[in-house]
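**Q** One structure, pasted below without further comment.
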Amino acid sequence: MDLQELINMRRSVRAYKDQAVPEPVLETLLEAFRLAPSARNAQPYKLVVVHDAQRRQALARAANNQMFIAQAPVVLAAVSLEPERVMSCGVPACPVDVAIALDHLSLAATAAGLGTCWIGAFAQDPVKQLLGVPAQYRVEILMPLGYPADSASAKKRKSLQELVCAEQFN
């Protein structure tokens with residue numbers, strides 16, 4: 001499968017089979033995360049991999065009771081180690097770096113027949129407490145990971161004409 005096919009296939013999965021992710025497959029996905037580029041190649045983040053069912057349930061409750069998160073056999077939590085760092089363009093660096101790394105992981109997951117979902121709706125302090133994340137760091141994203149329990153539906157996306165400008169913003 002080529003990259004364009006993976007991009008077309010990737011979707012947000014909100015229903016997961018009760019099927020474990022084999023450790024060698026998980027290691028391949030974590031390696032995709034590790035190899036992603038970051039500003040200054042600093043990789044100022046960590047990834048917490050959660051297998052424990054009770055902890056996954058608690059994370060789902062802390063994520064506005066999105067209980068499908070707990071269905072996934074694995075929940076990933078991306079943590080910024082430099083949450084205050086801003087690039088010279090004025091954009092916070094860590095959310096960008098984390099997004100690049102998780103996008104690599106999510107495409108690798110799609111290639112392995114797995115599904116993911118980006119979760120930004122969660123309460124920061126309870127999630128940090130559940131995962132033992134120190135106060136000076138920030139959890140950027142939660143991402144359930146597992147085998148999809150449903151079939152893919154067509155993605156609704158804007159047209160290129162709505163998204164892309166030539167030469168100047170308009």
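Following the order of the structure tokens, first chain is A, next is B, and so on, with residues numbered from 1 inside each chain and ligands from 1 in the order they appear.
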Could you tell me, as a ChimeraX atom specification, which residues of chain A DSSP assigns to alpha helix (DSSP H) when given the backbone?
**A** /A:3-9,23-34,53-62,68-71,93-111,124-131,160-163
**Q** Produce a table with one row for each residue of stretch 64-101 of chain A that has an atom at most 10 Å from any atom of stretch 24-39 of chain A, each row naming the nearest atom pair and its distance in Å at one decimal; use only C-alpha atoms; arrange rows by chain and rising residue number; format as a tab-separated table.
**A**
```
residue	atom	partner	partner_atom	distance
A:Val74	CA	A:Leu26	CA	9.4
A:Met87	CA	A:Ala39	CA	8.4
A:Ala93	CA	A:Ala39	CA	7.1
A:Cys94	CA	A:Ala39	CA	8.5
A:Val96	CA	A:Ser38	CA	8.1
A:Asp97	CA	A:Ser38	CA	5.0
A:Val98	CA	A:Ser38	CA	8.1
A:Ala99	CA	A:Ser38	CA	9.6
A:Ile100	CA	A:Ala36	CA	6.5
A:Ala101	CA	A:Phe33	CA	4.8
```
**Q** With N, CA and C atoms retained, export the selected residues as an mmCIF file, in the first residue's frame.
**A**
```
data_model
loop_
_atom_site.group_PDB
_atom_site.id
_atom_site.type_symbol
_atom_site.label_atom_id
_atom_site.label_comp_id
_atom_site.auth_asym_id
_atom_site.auth_seq_id
_atom_site.Cartn_x
_atom_site.Cartn_y
_atom_site.Cartn_z
ATOM 1 N N VAL A 74 -5.509 -0.092 23.773
ATOM 2 C CA VAL A 74 -4.383 0.778 24.098
ATOM 3 C C VAL A 74 -4.857 2.224 24.000
ATOM 4 N N MET A 87 8.031 28.841 18.792
ATOM 5 C CA MET A 87 8.931 29.025 17.655
ATOM 6 C C MET A 87 9.032 30.507 17.315
ATOM 7 N N ALA A 93 5.617 25.365 19.889
ATOM 8 C CA ALA A 93 6.356 24.302 19.202
ATOM 9 C C ALA A 93 5.872 22.898 19.546
ATOM 10 N N CYS A 94 5.630 22.622 20.809
ATOM 11 C CA CYS A 94 5.334 21.240 21.213
ATOM 12 C C CYS A 94 4.063 20.660 20.590
ATOM 13 N N VAL A 96 2.891 21.218 17.739
ATOM 14 C CA VAL A 96 3.242 20.909 16.354
ATOM 15 C C VAL A 96 4.093 19.651 16.307
ATOM 16 N N ASP A 97 5.117 19.593 17.151
ATOM 17 C CA ASP A 97 5.991 18.420 17.180
ATOM 18 C C ASP A 97 5.220 17.142 17.514
ATOM 19 N N VAL A 98 4.346 17.230 18.506
ATOM 20 C CA VAL A 98 3.549 16.073 18.909
ATOM 21 C C VAL A 98 2.619 15.638 17.769
ATOM 22 N N ALA A 99 2.019 16.597 17.091
ATOM 23 C CA ALA A 99 1.107 16.268 15.990
ATOM 24 C C ALA A 99 1.838 15.539 14.869
ATOM 25 N N ILE A 100 3.038 15.990 14.547
ATOM 26 C CA ILE A 100 3.812 15.317 13.498
ATOM 27 C C ILE A 100 4.088 13.867 13.903
ATOM 28 N N ALA A 101 4.556 13.666 15.134
ATOM 29 C CA ALA A 101 4.899 12.318 15.595
ATOM 30 C C ALA A 101 3.670 11.409 15.650
#
```
**Q** Given only C-alpha atoms as the basis, pick out the residue of A:Val86, A:Leu142, A:Ala112, A:Val133 nearest to A:Ile69.
**A** A:Leu142
**Q** Extract the full set of strand (DSSP E or B) residues from chain A according to DSSP on the backbone, and format it as a ChimeraX atom specification.
**A** /A:12,16,45-50,74-80,86,92,115-116,119,138-146,148
**Q** Mind pulling up the distance from atom CA of A:Ile141 to atom CA of A:Ala121?
**A**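 Pair atom CA of A:Ala121 / atom CA of A:Ile141 returns 8.5 Å.
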**Q** Restricting the calculation to only C-alpha atoms: of A:Val49, A:Arg61, A:Ser106, A:Gln43, which residue gets closest to A:Leu81?
**A** A:Gln43
**Q** Write out as JSON, numbers by chain which residues come within 9 Å of A:Leu6 when counting only C-alpha atoms, dropping same-chain ones fewer than 4 positions away.
**A** {"A": [1, 2, 10, 107, 108, 110, 111]}
**Q** Quick one: everything within 6 Å of A:Leu114, counting only C-alpha atoms, minus sequence neighbours fewer than 4 positions away in the same chain. Send it as a PyMOL selection string.
**A** chain A and resi 109-110+146-147
**Q** Produce a file of the selected residues containing C-alpha atoms, as a PDB file, in the first residue's frame.
**A**
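selection_33.pdb written:
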```pdb
ATOM      1  CA  ALA A 109      -1.460   2.137  12.504  1.00  0.00           C
ATOM      2  CA  THR A 110      -3.648   2.392   9.397  1.00  0.00           C
ATOM      3  CA  GLY A 146      -7.017  -0.731  18.316  1.00  0.00           C
ATOM      4  CA  TYR A 147      -8.740  -2.755  15.636  1.00  0.00           C
TER       5      TYR A 147
END
```
**Q** From the set A:Ser151, A:Pro22, A:Val164, A:Met143, which residue has the shortest atom-to-atom contact distance to A:Cys117, counting only C-alpha atoms?
**A**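 Under the stated criterion, the closest residue is A:Met143.
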**Q** Residues within 12 Å of A:Gln124, please, as a VMD selection string. Count only C-alpha atoms; anything in the same chain fewer than 5 positions from it doesn't count.
**A** chain A and resid 59 62 to 64 77 to 79 119 129 to 142
**Q** If I take atom CA of A:Pro144 and atom CA of A:Pro92, how far is one from the other in Å, to one decimal?
**A** 24.3 Å
**Q** A:Ala70: which residues within 6 Å, counting only C-alpha atoms, same-chain residues fewer than 4 positions away excluded, as a PyMOL selection string?
**A** chain A and resi 56-57+60
**Q** Just give me the gap between atom CA of A:Val13 and atom CA of A:Pro148 in Å, one decimal is fine.
**A**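 Rounded to one decimal, the two atoms are 6.3 Å apart.
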**Q** Pick from A:Val75, A:Gly120, A:Leu102, A:Tyr45: nearest to A:Ala58, with only C-alpha atoms counted?
**A**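 Once distances to A:Ala58 are computed over only C-alpha atoms, the minimum belongs to A:Val75.
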